[in-house]
Structures are given as structure tokens and as C-alpha cells.
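Colleague: Dropping the structure in here first, questions after.
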Amino acid sequence: MEKKYVTQAFELGLKGRYDVLLAYYGDKLFQLPATIVVAQIKDEMGISITEHSIYTLKKRIKKKQRKSAHAADLVAA
């Protein structure tokens with residue numbers, strides 16, 4: 001994933017722009033506090049996003065991880 005695709009997604013206001021952002025950075029950045037993540041993205045990409053958006057994205061990541069863990073438990077059982 002390239003940086004230009006992330007900036008284009010936000011410039012165009014695409015519906016999946018946060019998914020593109022997640023694909024670019026991966027899960028590790030979003031383990032940090034939202035304030036730090038917002039500052040990091042602003043510095044690196046020049047994109048202004050709200051802390052609320054980061055909290056929502058973190059919830060989606062956790063939900064996805066729980067689903068995959070639950071599916072792994074079912075397969076192991």
C-alpha cells in the first residue's frame with residue numbers, strides 16, 4: 001500500500017478510507033493512544049482526523065480480533 005492511495009482516499013472522502021489507512025499502517029500503530037495516532041498521521045500524511053475516528057477504528061480492530069480468536073477456538077475444538 002502506498003502513501004498516495006491513503007491521501008487520495010481521504011481527499012475524495014471515500015467510504016473505506018479508514019480501511020485504507022489501517023492497511024497502510026497495520027494494527028500496531030493503533031495500539032497507541034488516540035492522541036498520539038492523530039498526531040502521527042497528521043505529521044506523516046498531512047491528514048486531519050478526529051480522535052473519535054481512531055476510537056471507532058480501534059473498536060473495529062478489537063471486534064475483528066475477537067471474531068478471529070473465536071473462530072480459531074471453534075476450529076481447535
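By convention in this document, the chains of the C-alpha cells carry letters A, B, ... by their order, each chain's residues are numbered from 1, and ligands are numbered from 1 in the order they are shown.
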Taking the DSSP secondary structure from the backbone, can you list the residues of chain A that are helix (DSSP H, G or I), as a ChimeraX atom specification?

Modeller: /A:3-12,17-25,29-31,34-45,51-76

Colleague: Env of A:Thr56: 12 Å cut, atoms = only C-alpha atoms, seq-sep filter 5 positions within chain, self excluded. Answer as a list of chain:residue names.

Modeller: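 So the residues in contact are A:Tyr18, A:Asp19, A:Phe30, A:Ala34, A:Ile49, A:Thr50, A:Glu51, A:Ile61, A:Lys62, A:Lys63.
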
Colleague: I'd like the interatomic distance between atom CA of A:Met45 and atom CA of A:Thr7, to a tenth of an Å.

Modeller: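 If I compute the distance from atom CA of A:Met45 to atom CA of A:Thr7, I get 7.0 Å.
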
Colleague: Taking only C-alpha atoms into account, which of A:Ala39, A:Gln31, A:Asp73, A:Lys15 comes nearest A:Tyr55?

Modeller: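 Among the listed residues, A:Gln31 lies closest to A:Tyr55.
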
Colleague: As a list in words, please: the residues near A:Pro33 (cut-off 12 Å, only C-alpha atoms, same-chain neighbours under 4 positions excluded).

Modeller: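 Within the cut-off, the hits are Lys28, Leu29, Val37, Val38, Ala39, Gln40, Glu51, His52, Ile54, Tyr55 and Lys58 of chain A.
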
Colleague: Would you mind exporting C-alpha atoms of the selected residues as a JSON list (two decimals), in the first residue's frame?

Modeller:
[["chain", "number", "residue", "atom", "x", "y", "z"],
["A", 28, "LYS", "CA", 0.47, -1.83, 15.65],
["A", 29, "LEU", "CA", 0.09, 1.95, 15.32],
["A", 37, "VAL", "CA", -2.05, 8.31, 16.50],
["A", 38, "VAL", "CA", -3.80, 11.51, 15.35],
["A", 39, "ALA", "CA", -0.54, 13.48, 15.69],
["A", 40, "GLN", "CA", 1.46, 10.79, 13.87],
["A", 51, "GLU", "CA", -9.71, 11.08, 17.98],
["A", 52, "HIS", "CA", -13.25, 9.73, 17.81],
["A", 54, "ILE", "CA", -9.44, 6.48, 15.90],
["A", 55, "TYR", "CA", -11.53, 5.13, 18.81],
["A", 58, "LYS", "CA", -9.82, 0.60, 17.41]]

Colleague: What is the atom CA of A:Gly46 to atom CA of A:Ala23 distance in Å?

Modeller: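 Pair atom CA of A:Gly46 / atom CA of A:Ala23 returns 17.4 Å.
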
Colleague: Choose the residue, out of A:Leu74, A:Val6, A:Leu32, A:Val20, that has the smallest atom-to-atom separation from A:Glu44; count only C-alpha atoms.

Modeller: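 With only C-alpha atoms as the atom set, the closest residue is A:Val6.
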